[in-house]
Amino acid sequence: MYLGIDTSNYTTSVCLYDSEGGSVISERRLLPVKDGELGLRQSDAVFHHVQQLPELFNRTFADYSGSIKAIGVSYAPRTAEGSYMPCFTVGLMAADILGSVLKVPVYRFSHQQGHIAAALYSTDRLDLLHKKHIAFHVSGGTTEALLINGTEGFVTTDIIAQTLDLNAGQLIDRIGVMLGLSFPCGRELEKLALSCTEKVGAKATLKGLDCCLSGGQNIAEKYLKEGKSPEYVARFAMEFVGAAIEGMSRKIREKYGELPFVYAGGVMSDSIIRDRLNTHDCVFAKPEFSSDNAAGTAVLASVKDKNNDNP
């Protein structure tokens, strides 16, 4: 059994992964955000993680009293130099304390690596951890396409395309709050969008392999002023993001060839966006493993531990 811990900007998450049976015991809880607000200060996020983490450990270990082979924990948003957020220090502290007490190794991974591993675990494609592929990480904090080279190091990631302004999740949340929805707005906005009976068009703004998403907010505001229904505006938001991801995917294929594609991150759980991409050969994280979770870090701890035992 391997323990995973992730204390991201909006979710506290703990997971136990059985590397032999492949099952997980996963517990998570969103950080509270006041109505009408678009996020949390890092000091508040740290406070809420400290409050929520003991409860999640109690729930995770309620019916388990066995041993832990190793611990995986997210230490930063990305593996890039300078990538840092204070909220991850809460998970790191818990992992280091547990590692010292249990006398087991603690492996550090980026939050992004965890997202990719969770997506692959949920679709039974962990073999791609050791193969070259393209991984999209699309969330409130990231909109990137990564070239994963599993043959050179451990889940080595190189950014090959990204947003040049707003992240996809930011755009969705801004439009959702504009419509009076609760933050984070993804699920509510999707429900609203699915109830739209009109045909809604959206065109992506691309610069090379990169995308620009901030224009979507301006268009949504314009539609509201023109009297378009909330359902129409919600549908536009999802179609606009979907068009951007679809356009980036097409251009990446033109440049890098027919590599396997993996789509991870909270935004990629949206059915409207996924439907635009389903015509291609790709892998989507199951919805419960698209949003922030600790399953990926637990899985990566297992892979890393076994690599160290059998280099």
# chains A, B, ... in the order shown; residues from 1 in each chain; ligands from 1
call {"tool": "residues_around", "arguments": {"residues": "stretch 88-95 of chain A", "least_positions_apart": "6", "cutoff": "10 Å", "atoms": "only C-alpha atoms", "output": "VMD selection string"}}
result
chain A and resid 3 to 9 12 to 14 42 45 to 50 53 to 54 70 to 77 101 105 to 108 110 to 111
call {"tool": "select_by_dssp", "arguments": {"residues": "stretch 66-169 of chain A", "states": "alpha helix (DSSP H)", "output": "list in words"}}
result
Phe88, Thr89, Val90, Gly91, Leu92, Met93, Ala94, Ala95, Asp96, Ile97, Leu98, Gly99, Ser100, Val101, Leu102, His111, Gln112, Gln113, Gly114, His115, Ile116, Ala117, Ala118, Ala119, Leu120, Tyr121, Ser122, Ala168 and Gly169 of chain A
call {"tool": "write_last_selection", "arguments": {"atoms": "C-alpha atoms", "output": "PDB file, in the first residue's frame"}}
result
ATOM      1  CA  PHE A  88       1.811  22.559  -0.795  1.00  0.00           C
ATOM      2  CA  THR A  89       3.944  22.969   2.345  1.00  0.00           C
ATOM      3  CA  VAL A  90       1.086  21.550   4.434  1.00  0.00           C
ATOM      4  CA  GLY A  91       1.144  18.234   2.577  1.00  0.00           C
ATOM      5  CA  LEU A  92       4.942  18.174   2.583  1.00  0.00           C
ATOM      6  CA  MET A  93       5.044  18.649   6.348  1.00  0.00           C
ATOM      7  CA  ALA A  94       2.564  15.821   6.910  1.00  0.00           C
ATOM      8  CA  ALA A  95       4.452  13.496   4.545  1.00  0.00           C
ATOM      9  CA  ASP A  96       7.839  14.209   6.117  1.00  0.00           C
ATOM     10  CA  ILE A  97       6.515  13.625   9.644  1.00  0.00           C
ATOM     11  CA  LEU A  98       4.832  10.362   8.650  1.00  0.00           C
ATOM     12  CA  GLY A  99       7.925   9.230   6.743  1.00  0.00           C
ATOM     13  CA  SER A 100      10.099   9.786   9.822  1.00  0.00           C
ATOM     14  CA  VAL A 101       7.691   7.992  12.162  1.00  0.00           C
ATOM     15  CA  LEU A 102       6.949   5.054   9.842  1.00  0.00           C
ATOM     16  CA  HIS A 111       0.976  18.518  -8.692  1.00  0.00           C
ATOM     17  CA  GLN A 112       1.006  18.333 -12.488  1.00  0.00           C
ATOM     18  CA  GLN A 113       2.776  14.953 -12.505  1.00  0.00           C
ATOM     19  CA  GLY A 114       0.110  13.717 -10.106  1.00  0.00           C
ATOM     20  CA  HIS A 115      -2.667  14.828 -12.444  1.00  0.00           C
ATOM     21  CA  ILE A 116      -1.101  12.963 -15.358  1.00  0.00           C
ATOM     22  CA  ALA A 117      -0.563   9.780 -13.318  1.00  0.00           C
ATOM     23  CA  ALA A 118      -4.140   9.903 -11.963  1.00  0.00           C
ATOM     24  CA  ALA A 119      -5.468  10.171 -15.515  1.00  0.00           C
ATOM     25  CA  LEU A 120      -3.402   7.195 -16.659  1.00  0.00           C
ATOM     26  CA  TYR A 121      -4.372   5.144 -13.602  1.00  0.00           C
ATOM     27  CA  SER A 122      -8.077   5.833 -14.126  1.00  0.00           C
ATOM     28  CA  ALA A 168      -9.249  27.616 -19.057  1.00  0.00           C
ATOM     29  CA  GLY A 169     -10.529  27.097 -15.524  1.00  0.00           C
TER      30      GLY A 169
END
call {"tool": "closest_atom_pairs", "arguments": {"of": "stretch 37-120 of chain A", "to": "stretch 179-189 of chain A", "cutoff": "9 Å", "atoms": "only C-alpha atoms", "output": "tab-separated table"}}
result
residue	atom	partner	partner_atom	distance
A:Glu37	CA	A:Phe183	CA	7.0
A:Leu38	CA	A:Phe183	CA	6.4
A:Gly39	CA	A:Phe183	CA	7.5
call {"tool": "atom_distance", "arguments": {"atom1": "atom CA of A:Tyr17", "atom2": "atom CA of A:Leu259"}}
result
28.3 Å
call {"tool": "closest_residue", "arguments": {"among": "A:Leu126, A:Ile25, A:Val267, A:Cys15", "to": "A:Gln170", "atoms": "only C-alpha atoms"}}
result
A:Val267
